[in-house]
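Trainee: Here you go, this is model_22.csv (CSV, C-alpha atoms).
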```csv
chain,number,residue,atom,x,y,z
A,235,THR,CA,0.0,0.0,0.0
A,236,MET,CA,1.3,3.5,-0.9
A,237,TYR,CA,1.0,6.4,1.6
A,238,GLN,CA,1.7,9.9,0.7
A,239,HIS,CA,1.5,13.6,1.7
A,240,THR,CA,3.2,13.3,5.1
A,241,LEU,CA,4.6,16.7,5.5
A,242,THR,CA,6.2,16.8,9.0
A,243,ALA,CA,8.6,14.5,10.8
A,244,SER,CA,6.1,13.8,13.6
A,245,GLY,CA,3.5,13.0,10.9
A,246,ALA,CA,5.9,10.6,9.2
A,247,ILE,CA,6.6,8.8,12.5
A,248,GLU,CA,2.9,8.6,13.2
A,249,SER,CA,2.2,7.2,9.8
A,250,TYR,CA,5.0,4.7,10.1
A,251,ASN,CA,3.8,3.5,13.5
A,252,SER,CA,0.3,3.0,12.2
A,253,ILE,CA,1.3,1.4,8.9
A,254,VAL,CA,4.1,-0.9,10.0
A,255,ARG,CA,1.6,-3.1,12.0
A,256,THR,CA,-0.3,-3.8,8.8
A,257,ILE,CA,2.6,-4.8,6.6
A,258,GLU,CA,3.6,-8.4,6.0
A,259,MET,CA,7.3,-8.3,5.1
A,260,SER,CA,8.4,-10.8,2.5
A,261,GLY,CA,10.7,-11.1,-0.5
A,262,PRO,CA,11.8,-10.6,-3.1
A,263,ARG,CA,12.8,-7.0,-2.4
A,264,SER,CA,12.1,-4.4,-5.0
A,265,PHE,CA,12.1,-0.6,-4.7
A,266,SER,CA,10.7,-0.2,-8.2
A,267,PRO,CA,7.0,-0.2,-7.3
A,268,ILE,CA,7.3,2.6,-4.8
A,269,LEU,CA,9.6,4.5,-7.2
A,270,ARG,CA,7.1,4.2,-10.0
A,271,HIS,CA,4.3,5.3,-7.6
A,272,ALA,CA,6.4,8.4,-6.6
A,273,MET,CA,7.1,9.2,-10.3
A,274,ASP,CA,3.3,9.0,-11.0
A,275,GLN,CA,2.5,11.2,-8.1
A,276,SER,CA,5.2,13.8,-9.1
A,277,GLN,CA,3.4,14.4,-12.4
A,278,THR,CA,0.7,16.2,-10.4
A,279,SER,CA,2.2,17.2,-7.1
A,280,GLY,CA,5.9,18.3,-7.7
A,281,GLN,CA,8.9,17.3,-5.7
A,282,HIS,CA,9.1,14.3,-3.4
A,283,LEU,CA,11.3,13.1,-0.7
A,284,LEU,CA,11.0,9.3,-0.6
A,285,PHE,CA,12.3,7.2,2.3
A,286,ILE,CA,12.7,3.5,1.6
A,287,VAL,CA,13.3,1.4,4.7
A,288,THR,CA,14.8,-2.0,3.7
A,289,SER,CA,16.4,-5.0,5.3
A,290,GLY,CA,18.7,-5.6,2.3
A,291,LEU,CA,19.4,-5.0,-1.3
A,292,PRO,CA,16.7,-5.4,-4.0
A,293,GLU,CA,16.8,-8.6,-6.0
A,294,ASP,CA,17.0,-7.0,-9.4
A,295,MET,CA,19.7,-4.3,-9.0
A,296,VAL,CA,19.7,-3.3,-12.7
A,297,MET,CA,15.9,-2.6,-12.8
A,298,ASN,CA,16.0,-0.8,-9.4
A,299,PHE,CA,18.9,1.3,-10.5
A,300,GLU,CA,17.1,2.3,-13.7
A,301,HIS,CA,14.1,3.4,-11.7
A,302,ILE,CA,16.3,5.5,-9.4
A,303,VAL,CA,17.9,7.1,-12.4
A,304,GLU,CA,14.5,7.8,-14.0
A,305,SER,CA,13.2,9.2,-10.7
A,306,SER,CA,15.9,11.9,-10.8
A,307,TRP,CA,14.1,13.3,-13.8
A,308,HIS,CA,10.9,13.6,-11.7
A,309,ASP,CA,12.5,15.6,-9.0
A,310,ILE,CA,12.4,12.8,-6.5
A,311,LEU,CA,15.1,12.6,-3.7
A,312,VAL,CA,15.5,9.0,-2.5
A,313,ILE,CA,16.8,8.2,0.9
A,314,ILE,CA,17.3,4.4,1.5
A,315,ILE,CA,17.6,3.4,5.1
A,316,GLY,CA,19.1,0.0,5.8
A,317,VAL,CA,18.1,-1.9,8.9
A,318,GLY,CA,19.5,-5.2,10.1
A,319,ASP,CA,22.4,-7.1,8.8
A,320,GLY,CA,21.7,-6.7,5.0
A,321,PRO,CA,23.4,-7.7,2.7
A,322,TRP,CA,24.6,-4.2,2.0
A,323,THR,CA,27.5,-4.7,-0.5
A,324,GLY,CA,26.4,-3.1,-3.6
A,325,MET,CA,24.2,-0.3,-2.1
A,326,ALA,CA,26.8,2.3,-3.1
A,327,ARG,CA,26.5,1.1,-6.7
A,328,LEU,CA,22.7,1.4,-6.5
A,329,THR,CA,22.8,5.0,-5.4
A,330,LYS,CA,25.8,6.3,-7.4
A,331,CYS,CA,25.5,9.4,-9.5
A,332,THR,CA,25.8,8.8,-13.2
A,333,LYS,CA,25.6,11.1,-16.3
A,334,GLU,CA,22.1,9.6,-17.0
A,335,LYS,CA,20.7,11.3,-13.9
A,336,LYS,CA,19.4,14.8,-13.8
A,337,PHE,CA,21.0,15.2,-10.3
A,338,SER,CA,22.4,12.9,-7.7
A,339,ASN,CA,19.1,12.0,-6.1
A,340,ALA,CA,19.8,8.9,-4.1
A,341,SER,CA,21.6,8.3,-0.8
A,342,TYR,CA,21.7,5.5,1.7
A,343,LEU,CA,22.5,5.1,5.3
A,344,LEU,CA,22.8,2.0,7.5
A,345,LEU,CA,20.8,2.6,10.6
A,346,ASP,CA,22.8,0.2,12.7
A,347,MET,CA,25.9,2.4,12.1
A,348,TYR,CA,24.1,5.3,13.7
A,349,ALA,CA,22.2,3.6,16.5
A,350,GLU,CA,25.1,3.5,18.9
A,351,LYS,CA,25.8,7.2,18.2
A,352,ILE,CA,22.2,8.1,18.8
A,353,ASP,CA,22.1,6.2,22.1
A,354,PHE,CA,25.4,7.8,23.1
A,355,LEU,CA,24.0,11.3,22.4
A,356,ARG,CA,20.7,10.6,24.1
A,357,ASN,CA,22.7,9.5,27.2
A,358,ILE,CA,24.7,12.8,27.1
A,359,VAL,CA,21.5,14.8,26.9
A,360,LEU,CA,19.8,12.9,29.7
A,361,THR,CA,23.0,13.3,31.9
A,362,ALA,CA,23.2,17.0,31.1
A,363,LYS,CA,19.5,17.5,32.2
A,364,ASP,CA,20.4,16.1,35.6
A,365,LEU,CA,23.2,18.6,36.2
```
Could you rewrite the structure in this file as structure tokens?
Mentor:
Amino acid sequence: TMYQHTLTASGAIESYNSIVRTIEMSGPRSFSPILRHAMDQSQTSGQHLLFIVTSGLPEDMVMNFEHIVESSWHDILVIIIGVGDGPWTGMARLTKCTKEKKFSNASYLLLDMYAEKIDFLRNIVLTAKDL
């Protein structure tokens, strides 16, 4: 199911929390359906920021890369957030900038790499509140 028009961070979190309970996760992974949907939506509503949360690489890297390239021509910025243990080798290739793109529209981050830093910062903030 596609969800759209979440304009605030708190709205995004609220939407995620209500949606995630209704989703049955299964393979094969593909970012293409959501990319195509975002491209369709951009025809009538302009720029989009698309967050894709995934537990690994898509099965068909070539097709997914082609859709990411195409989405750059629809003013769609794609942020891919990796959760879990992947596999992640190849994600840089999926998000690389090429001459076929209108602009470098795709980036990824591995959430586990930041989780420890977020917890560390949270502990500093909580400790500072007690001072």
Trainee: Got a sec: who's within 7 Å of A:Gln281, counting only C-alpha atoms, leaving out chain neighbours fewer than 2 positions off, as a VMD selection string?
Mentor: chain A and resid 276 279 283 309 to 310
Trainee: Skip A:Ile286 itself and residues of its chain fewer than 5 positions away, then list as a JSON list (two decimals) with C-alpha atoms, in the coordinates of the input all residues within 12 Å of it, counting all atoms listed in the file.
Mentor:
```json
[["chain", "number", "residue", "atom", "x", "y", "z"],
["A", 236, "MET", "CA", 1.30, 3.50, -0.90],
["A", 250, "TYR", "CA", 5.00, 4.70, 10.10],
["A", 263, "ARG", "CA", 12.80, -7.00, -2.40],
["A", 264, "SER", "CA", 12.10, -4.40, -5.00],
["A", 265, "PHE", "CA", 12.10, -0.60, -4.70],
["A", 266, "SER", "CA", 10.70, -0.20, -8.20],
["A", 267, "PRO", "CA", 7.00, -0.20, -7.30],
["A", 268, "ILE", "CA", 7.30, 2.60, -4.80],
["A", 269, "LEU", "CA", 9.60, 4.50, -7.20],
["A", 272, "ALA", "CA", 6.40, 8.40, -6.60],
["A", 291, "LEU", "CA", 19.40, -5.00, -1.30],
["A", 292, "PRO", "CA", 16.70, -5.40, -4.00],
["A", 302, "ILE", "CA", 16.30, 5.50, -9.40],
["A", 311, "LEU", "CA", 15.10, 12.60, -3.70],
["A", 312, "VAL", "CA", 15.50, 9.00, -2.50],
["A", 313, "ILE", "CA", 16.80, 8.20, 0.90],
["A", 314, "ILE", "CA", 17.30, 4.40, 1.50],
["A", 315, "ILE", "CA", 17.60, 3.40, 5.10],
["A", 316, "GLY", "CA", 19.10, 0.00, 5.80],
["A", 317, "VAL", "CA", 18.10, -1.90, 8.90],
["A", 340, "ALA", "CA", 19.80, 8.90, -4.10],
["A", 341, "SER", "CA", 21.60, 8.30, -0.80],
["A", 342, "TYR", "CA", 21.70, 5.50, 1.70],
["A", 343, "LEU", "CA", 22.50, 5.10, 5.30],
["A", 344, "LEU", "CA", 22.80, 2.00, 7.50]]
```
Trainee: Which neighbours of A:Trp307 fall inside 10 Å, counting all atoms listed in the file, when residues of the same chain fewer than 5 positions from it are skipped, and could you give them as a count of residues only?
Mentor: 7
Trainee: What's the separation between atom CA of A:Glu258 and atom CA of A:Glu293, in Å to one decimal place?
Mentor: 17.8 Å
Trainee: Could you state the separation of atom CA of A:Ile257 and atom CA of A:Lys330 in Å, given to one decimal place?
Mentor: 29.3 Å
Trainee: At what distance in Å, to one decimal, does atom CA of A:His308 lie from atom CA of A:Thr288?
Mentor: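 The value is 22.3 Å.
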Trainee: With all atoms listed in the file as the atoms that count, which of A:Thr332, A:Thr256, A:Asn298, A:Ser249 lies nearest to A:Arg270?
Mentor: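 Of all the options, A:Asn298 lies closest to A:Arg270.
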